[in-house]
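To be precise, the following lines are upload_38.txt, and they hold compact mmCIF, C-alpha atoms and all ligand atoms.
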# COMPACT_ATOMS: atom_id res chain seq x y z
CA MET A 1 2.23 -10.29 -15.39
CA GLY A 2 4.17 -10.63 -18.60
CA PRO A 3 5.76 -7.77 -20.42
CA ARG A 4 3.25 -5.56 -22.17
CA LEU A 5 3.44 -3.95 -25.52
CA ARG A 6 4.81 -0.62 -24.51
CA PRO A 7 7.07 1.80 -26.32
CA LEU A 8 10.71 1.67 -25.34
CA GLY A 9 11.64 4.16 -22.66
CA GLN A 10 14.33 4.50 -20.07
CA CYS A 11 14.28 2.66 -16.77
CA ALA A 12 13.57 5.26 -14.07
CA LEU A 13 16.42 3.87 -11.99
CA CYS A 14 19.29 2.78 -14.24
CA ARG A 15 18.31 4.63 -17.46
CA SER A 16 18.74 1.52 -19.58
CA TRP A 17 16.29 1.23 -22.46
CA ASP A 18 13.40 -1.02 -21.60
CA THR A 19 9.72 -1.50 -22.24
CA GLN A 20 9.01 -1.13 -18.54
CA ALA A 21 9.37 2.09 -16.56
CA VAL A 22 11.53 0.21 -14.05
CA CYS A 23 13.51 -2.62 -15.66
CA ASN A 24 13.43 -6.17 -14.32
CA SER A 25 17.07 -6.17 -13.30
CA CYS A 26 16.50 -3.09 -11.10
CA VAL A 27 13.48 -4.72 -9.48
CA THR A 28 15.53 -7.85 -8.77
CA ARG A 29 18.44 -5.82 -7.47
CA PHE A 30 16.60 -3.26 -5.36
CA ALA A 31 13.52 -5.16 -4.22
CA PRO A 32 14.65 -8.64 -3.18
CA ALA A 33 12.15 -10.79 -1.30
CA ARG A 34 13.03 -10.58 2.39
CA PRO A 35 11.82 -12.43 5.46
CA ARG A 36 9.12 -10.32 7.08
CA CYS A 37 6.57 -10.60 9.83
CA ARG A 38 3.49 -12.02 8.08
CA ARG A 39 1.24 -9.80 10.06
CA CYS A 40 2.87 -6.35 10.02
CA GLY A 41 5.47 -6.65 7.26
CA LEU A 42 8.46 -5.65 9.37
CA ARG A 43 11.68 -7.31 8.38
CA THR A 44 12.50 -10.05 10.83
CA GLY A 45 15.94 -11.18 9.70
CA THR A 46 14.86 -14.78 10.18
CA THR A 47 12.01 -16.90 8.94
CA VAL A 48 9.92 -16.64 12.12
CA PRO A 49 6.35 -15.99 10.97
CA LEU A 50 5.54 -13.19 13.43
CA CYS A 51 7.55 -10.44 15.08
CA GLY A 52 7.55 -9.95 18.85
CA ALA A 53 5.33 -6.88 18.66
CA CYS A 54 2.62 -8.75 16.75
CA LEU A 55 2.77 -11.68 19.15
CA ALA A 56 2.32 -9.32 22.10
CA ASP A 57 -0.23 -6.96 20.58
CA PRO A 58 -1.60 -8.00 17.18
CA PRO A 59 -2.73 -5.20 14.87
CA PRO A 60 -6.33 -5.16 13.58
CA PHE A 61 -5.22 -6.54 10.22
CA ASP A 62 -4.48 -10.18 9.56
CA ALA A 63 -1.59 -10.15 7.11
CA CYS A 64 0.66 -7.73 5.31
CA SER A 65 2.30 -7.92 1.89
CA VAL A 66 5.18 -5.54 1.20
CA GLY A 67 6.64 -4.65 -2.20
CA CYS A 68 9.93 -3.18 -1.02
CA ASP A 69 11.64 -1.33 1.78
CA TYR A 70 10.98 2.39 1.90
CA ASP A 71 14.58 3.08 1.16
CA PHE A 72 16.92 3.87 -1.71
CA PRO A 73 16.01 3.95 -4.57
CA TRP A 74 12.26 3.45 -4.06
CA ASP A 75 11.83 6.38 -1.66
CA ARG A 76 12.79 8.77 -4.45
CA LEU A 77 10.48 7.13 -7.00
CA ILE A 78 7.60 7.06 -4.52
CA ALA A 79 8.12 10.76 -3.73
CA ASP A 80 7.99 11.52 -7.47
CA PHE A 81 4.87 9.39 -7.81
CA LYS A 82 3.14 10.92 -4.82
CA PHE A 83 4.25 14.52 -4.60
CA HIS A 84 5.51 15.49 -8.04
CA GLY A 85 2.62 14.40 -10.20
CA ARG A 86 4.41 11.47 -11.85
CA VAL A 87 1.34 9.27 -11.95
CA GLU A 88 2.87 7.21 -14.78
CA LEU A 89 5.06 5.58 -12.13
CA ALA A 90 1.95 3.83 -10.78
CA ALA A 91 2.31 1.03 -13.33
CA PRO A 92 5.84 -0.18 -12.44
CA LEU A 93 5.29 0.41 -8.73
CA ALA A 94 2.05 -1.58 -8.85
CA LEU A 95 3.99 -4.46 -10.40
CA LEU A 96 6.28 -4.51 -7.40
CA LEU A 97 3.32 -4.74 -5.06
CA LEU A 98 1.64 -7.35 -7.27
CA ASP A 99 4.75 -9.55 -7.08
CA ALA A 100 4.69 -9.37 -3.29
CA VAL A 101 1.01 -10.29 -3.05
CA ARG A 102 1.56 -13.23 -5.39
CA ARG A 103 4.64 -14.34 -3.50
CA ASP A 104 2.74 -14.35 -0.20
CA ALA A 105 0.15 -16.56 -1.89
CA GLY A 106 -2.64 -15.88 0.57
CA ALA A 107 -6.31 -16.31 -0.29
CA LEU A 108 -7.36 -13.46 -2.56
CA PRO A 109 -10.04 -11.09 -1.28
CA PRO A 110 -13.08 -10.24 -3.37
CA TRP A 111 -12.56 -6.55 -2.62
CA VAL A 112 -9.49 -4.38 -2.82
CA LEU A 113 -9.66 -0.78 -1.65
CA PRO A 114 -7.23 2.08 -1.19
CA VAL A 115 -6.61 4.03 1.99
CA PRO A 116 -8.73 7.06 1.12
CA LEU A 117 -7.30 10.55 1.03
CA ALA A 118 -9.11 13.41 2.73
CA PRO A 119 -11.06 15.39 0.10
CA GLN A 120 -8.82 18.44 0.41
CA ARG A 121 -5.67 16.37 -0.12
CA LEU A 122 -7.25 14.62 -3.08
CA ALA A 123 -8.18 17.96 -4.63
CA GLU A 124 -4.62 19.26 -4.18
CA ARG A 125 -2.95 16.18 -5.61
CA GLY A 126 -5.48 15.31 -8.28
CA TYR A 127 -5.22 11.58 -7.64
CA ASN A 128 -5.01 9.14 -4.75
CA GLN A 129 -1.71 7.31 -5.12
CA ALA A 130 -3.09 4.35 -3.14
CA TRP A 131 -5.98 4.01 -5.57
CA GLU A 132 -3.64 4.14 -8.56
CA LEU A 133 -1.85 1.12 -7.07
CA ALA A 134 -4.95 -0.67 -5.79
CA ARG A 135 -6.87 -0.66 -9.04
CA ARG A 136 -3.92 -1.95 -11.06
CA VAL A 137 -3.07 -4.75 -8.63
CA ALA A 138 -6.73 -5.75 -8.32
CA ARG A 139 -7.15 -5.89 -12.10
CA GLU A 140 -4.19 -8.24 -12.49
CA LEU A 141 -5.44 -10.49 -9.69
CA GLY A 142 -9.04 -10.52 -10.87
CA CYS A 143 -10.32 -8.88 -7.67
CA GLN A 144 -12.79 -6.01 -7.61
CA ALA A 145 -11.34 -2.62 -6.73
CA ASP A 146 -13.55 -0.03 -5.11
CA ALA A 147 -12.47 3.38 -3.84
CA ARG A 148 -15.83 4.07 -2.19
CA LEU A 149 -16.02 1.32 0.40
CA LEU A 150 -14.29 3.53 2.94
CA ASP A 151 -14.56 7.33 3.15
CA ARG A 152 -12.31 9.83 4.87
CA PRO A 153 -14.55 12.81 5.34
CA LEU A 154 -12.28 15.12 7.35
CA ALA A 155 -8.93 16.67 6.59
CA GLY A 156 -6.36 14.96 8.81
CA ALA A 157 -3.45 16.75 10.43
CA HIS A 158 -0.05 15.90 9.06
CA GLN A 159 1.06 12.72 10.74
CA ALA A 160 4.77 12.92 10.19
CA GLU A 161 5.83 14.59 13.42
CA LEU A 162 3.56 12.67 15.76
CA SER A 163 4.35 9.66 17.94
CA LEU A 164 2.43 6.42 17.35
CA PRO A 165 -0.06 7.02 20.22
CA GLN A 166 -0.57 10.60 18.97
CA ARG A 167 -1.05 9.36 15.43
CA LEU A 168 -3.63 6.84 16.50
CA LYS A 169 -5.49 9.46 18.52
CA ASN A 170 -5.34 11.89 15.64
CA LEU A 171 -6.75 9.30 13.27
CA ARG A 172 -9.54 8.02 15.47
CA GLY A 173 -12.76 8.12 13.52
CA ALA A 174 -10.97 9.33 10.36
CA PHE A 175 -12.30 6.45 8.25
CA VAL A 176 -15.99 5.82 7.77
CA PRO A 177 -17.43 2.88 5.86
CA ASN A 178 -19.69 4.16 3.13
CA PRO A 179 -23.20 3.51 4.50
CA SER A 180 -24.49 2.39 1.12
CA ARG A 181 -21.68 -0.17 0.81
CA ARG A 182 -21.74 -1.80 4.21
CA VAL A 183 -23.37 -4.86 2.74
CA SER A 184 -20.31 -5.33 0.51
CA LEU A 185 -18.08 -5.48 3.58
CA HIS A 186 -20.15 -7.59 5.90
CA GLY A 187 -18.53 -10.97 6.43
CA ARG A 188 -16.10 -10.35 3.59
CA HIS A 189 -12.37 -10.58 3.21
CA VAL A 190 -10.87 -7.30 1.98
CA ALA A 191 -7.41 -5.95 1.22
CA VAL A 192 -6.56 -2.32 1.84
CA VAL A 193 -3.74 -0.75 -0.15
CA ASP A 194 -1.38 2.06 0.76
CA ASP A 195 1.82 3.38 -0.72
CA VAL A 196 3.98 3.59 2.40
CA MET A 197 3.60 2.06 5.85
CA THR A 198 5.71 3.60 8.59
CA SER A 199 4.21 3.37 12.07
CA GLY A 200 1.20 1.52 10.69
CA ALA A 201 -1.18 3.96 12.43
CA THR A 202 -3.12 4.79 9.26
CA LEU A 203 -3.56 1.16 8.25
CA ARG A 204 -4.49 0.15 11.79
CA GLU A 205 -7.24 2.74 11.86
CA ALA A 206 -8.48 1.85 8.37
CA ALA A 207 -8.47 -1.85 9.23
CA ALA A 208 -10.30 -1.20 12.50
CA ALA A 209 -13.00 0.75 10.63
CA LEU A 210 -13.41 -2.13 8.15
CA ARG A 211 -13.68 -4.59 11.02
CA ARG A 212 -16.33 -2.47 12.70
CA ALA A 213 -18.23 -2.53 9.41
CA GLY A 214 -18.19 -6.33 9.59
CA ALA A 215 -15.23 -7.33 7.42
CA SER A 216 -14.20 -10.83 8.43
CA ARG A 217 -10.59 -10.51 7.37
CA VAL A 218 -8.46 -7.48 6.49
CA ASP A 219 -5.14 -7.79 4.69
CA VAL A 220 -2.92 -4.83 4.03
CA TRP A 221 -0.91 -4.51 0.84
CA VAL A 222 1.73 -1.80 0.99
CA LEU A 223 4.11 -0.81 -1.72
CA ALA A 224 6.87 0.12 0.73
CA ARG A 225 7.56 -0.50 4.40
CA THR A 226 9.81 1.76 6.43
CA PRO A 227 12.46 -0.45 8.00
CA ALA A 228 12.64 -0.49 11.80
CA PRO A 229 15.35 1.83 13.15
CA ALA A 230 18.60 -0.02 13.75
CA GLY A 231 19.54 -0.90 17.31
ZN ZN B 301 16.88 -0.47 -14.46
ZN ZN B 302 4.80 -8.00 13.15
Turn this file's structure into structure tokens for me.
Amino acid sequence: MGPRLRPLGQCALCRSWDTQAVCNSCVTRFAPARPRCRRCGLRTGTTVPLCGACLADPPPFDACSVGCDYDFPWDRLIADFKFHGRVELAAPLALLLLDAVRRDAGALPPWVLPVPLAPQRLAERGYNQAWELARRVARELGCQADARLLDRPLAGAHQAELSLPQRLKNLRGAFVPNPSRRVSLHGRHVAVVDDVMTSGATLREAAAALRRAGASRVDVWVLARTPAPAG
């Protein structure tokens, strides 16, 4: 995507004056392309296509594109975007994700959807940060974005303090394909977008629900991936 006609403002990271909310030099500096597992997006350190975990036990999604590590300075920007109402950060953050999807150069899906928020969370926040990313990336790629393919009818418990098995158990049945839209999913390739992927439990459950609804291929596009703990 080329530069757009935008008023000059300050880069959210380095405060230099720029037409973009995060300047190109900060993107280059803080979000370099890194070798990652094609399937789960974890950094591999080498150019092997798949990590050991995915070889042993593949997740229910087929491929993963990652904009950046969930690390300095993106963690702060994403927190502002997600928790402090700074929805204007969606545009530069979506660009980061768009670059990653283009770099991975996979086949583009006809449908792009966000990980849905539970209704209560959506009401509190006023927007779904995943949708703000998904619709922008889809527009640039010429895919259709649809927030209603997958519903999340119940309020989920906070996931942060749970182990991966507990998270998966907690999420079971959380995502329900919209009955009126099943025909859009059947036999189709879809991409599901989220802002941050840590354990992957949420995206696993969302992908599994899409598979059960008949999706033939599920890619995940995440703005930021939490790096594996060292050691
Ligand atoms: Zn900058
Ligand atoms: Zn992997």
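For the point (-18.9, -3.2, 8.2), the residues with at least one atom inside 6 Å, counting only C-alpha atoms, are Arg182, Leu185, His186, Leu210, Arg212, Ala213, Gly214 and Ala215 of chain A.
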Counting all atoms listed in the file, figure out which residue out of A:Gln120, A:Ala91, A:Ser184, A:Pro59 gets nearest to Ala208 of chain A. A:Pro59
Suppose you want the space between atom CA of Gly106 of chain A and atom CA of Arg29 of chain A; what is it in Å?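 Rounded to one decimal, the two atoms are 24.7 Å apart.
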Give me the residues within 12 Å of Arg36 of chain A as an NGL selection string, counting only C-alpha atoms and dropping any in the same chain fewer than 2 places off. :A and (32-34 or 38-52 or 54 or 63-69 or 100 or 104 or 225 or 227-228)
Show me a table, sorted first by chain and then by increasing residue number, of the residues of chain A having an atom at most 8 Å from ligand ZN 301 (chain B), each with its shortest atom pair and the distance in Å to one decimal, counting all atoms listed in the file and written as JSON lines.
{"residue": "A:Gln10", "atom": "CA", "partner": "B:ZN301", "partner_atom": "ZN", "distance": 7.9}
{"residue": "A:Cys11", "atom": "CA", "partner": "B:ZN301", "partner_atom": "ZN", "distance": 4.7}
{"residue": "A:Ala12", "atom": "CA", "partner": "B:ZN301", "partner_atom": "ZN", "distance": 6.6}
{"residue": "A:Leu13", "atom": "CA", "partner": "B:ZN301", "partner_atom": "ZN", "distance": 5.0}
{"residue": "A:Cys14", "atom": "CA", "partner": "B:ZN301", "partner_atom": "ZN", "distance": 4.1}
{"residue": "A:Arg15", "atom": "CA", "partner": "B:ZN301", "partner_atom": "ZN", "distance": 6.1}
{"residue": "A:Ser16", "atom": "CA", "partner": "B:ZN301", "partner_atom": "ZN", "distance": 5.8}
{"residue": "A:Asp18", "atom": "CA", "partner": "B:ZN301", "partner_atom": "ZN", "distance": 8.0}
{"residue": "A:Val22", "atom": "CA", "partner": "B:ZN301", "partner_atom": "ZN", "distance": 5.4}
{"residue": "A:Cys23", "atom": "CA", "partner": "B:ZN301", "partner_atom": "ZN", "distance": 4.2}
{"residue": "A:Asn24", "atom": "CA", "partner": "B:ZN301", "partner_atom": "ZN", "distance": 6.7}
{"residue": "A:Ser25", "atom": "CA", "partner": "B:ZN301", "partner_atom": "ZN", "distance": 5.8}
{"residue": "A:Cys26", "atom": "CA", "partner": "B:ZN301", "partner_atom": "ZN", "distance": 4.3}
{"residue": "A:Val27", "atom": "CA", "partner": "B:ZN301", "partner_atom": "ZN", "distance": 7.4}
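Every residue within 12 Å of the file position (4.8, 12.7, -10.5), judged by all atoms listed in the file, is given as Arg76, Leu77, Ile78, Ala79, Asp80, Phe81, Lys82, Phe83, His84, Gly85, Arg86, Val87, Glu88, Leu89, Ala90, Arg125, Gly126, Tyr127, Asn128 and Gln129 of chain A.
In this comparison, which uses only C-alpha atoms and all ligand atoms, the residue of A:Trp221, A:Val176, A:Pro116, A:Gly200 approaching ligand ZN 302 (chain B) most closely is A:Gly200.
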For segment 142-144 of chain A, find every residue with an atom within 7 Å (counting only C-alpha atoms), except residues of its own chain fewer than 4 positions away, and show them as a VMD selection string. chain A and resid 109 to 112 138
d(atom CA of Arg135 of chain A, atom CA of Leu113 of chain A) in Å: 7.9 Å
Using only C-alpha atoms, which residue out of A:Leu164, A:Leu133, A:Leu98, A:Val222 lies closest to Ala145 of chain A?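 Using only C-alpha atoms, the shortest distance to Ala145 of chain A belongs to A:Leu133.
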In Å and to one decimal, atom CA of Ala105 of chain A is distant from atom CA of Ala206 of chain A by 22.8 Å
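Proximity ranking of A:Ser180, A:Thr19, A:Ser199, A:Ser163 relative to ligand ZN 302 (chain B) places A:Ser199 first, based on only C-alpha atoms and all ligand atoms.
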Using only C-alpha atoms and all ligand atoms, find the one residue out of A:Pro114, A:Pro92, A:Pro179, A:Pro35 that sits nearest to ligand ZN 302 (chain B).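 Of A:Pro114, A:Pro92, A:Pro179, A:Pro35, the one nearest ligand ZN 302 (chain B), counting only C-alpha atoms and all ligand atoms, is A:Pro35.
Restricting the calculation to all atoms listed in the file, the smallest distance between ligand ZN 302 (chain B) and any of A:Ala21, A:Arg136, A:Asp57, A:Ala174 is found for A:Asp57.
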Padding 6 Å on every side, please: axis-aligned box over the listed atoms of segment 23-36 of chain A, centre and edge lengths to one decimal in Å, as JSON.
{"center_x": 13.8, "center_y": -7.5, "center_z": -4.3, "size_x": 21.3, "size_y": 21.8, "size_z": 34.7}
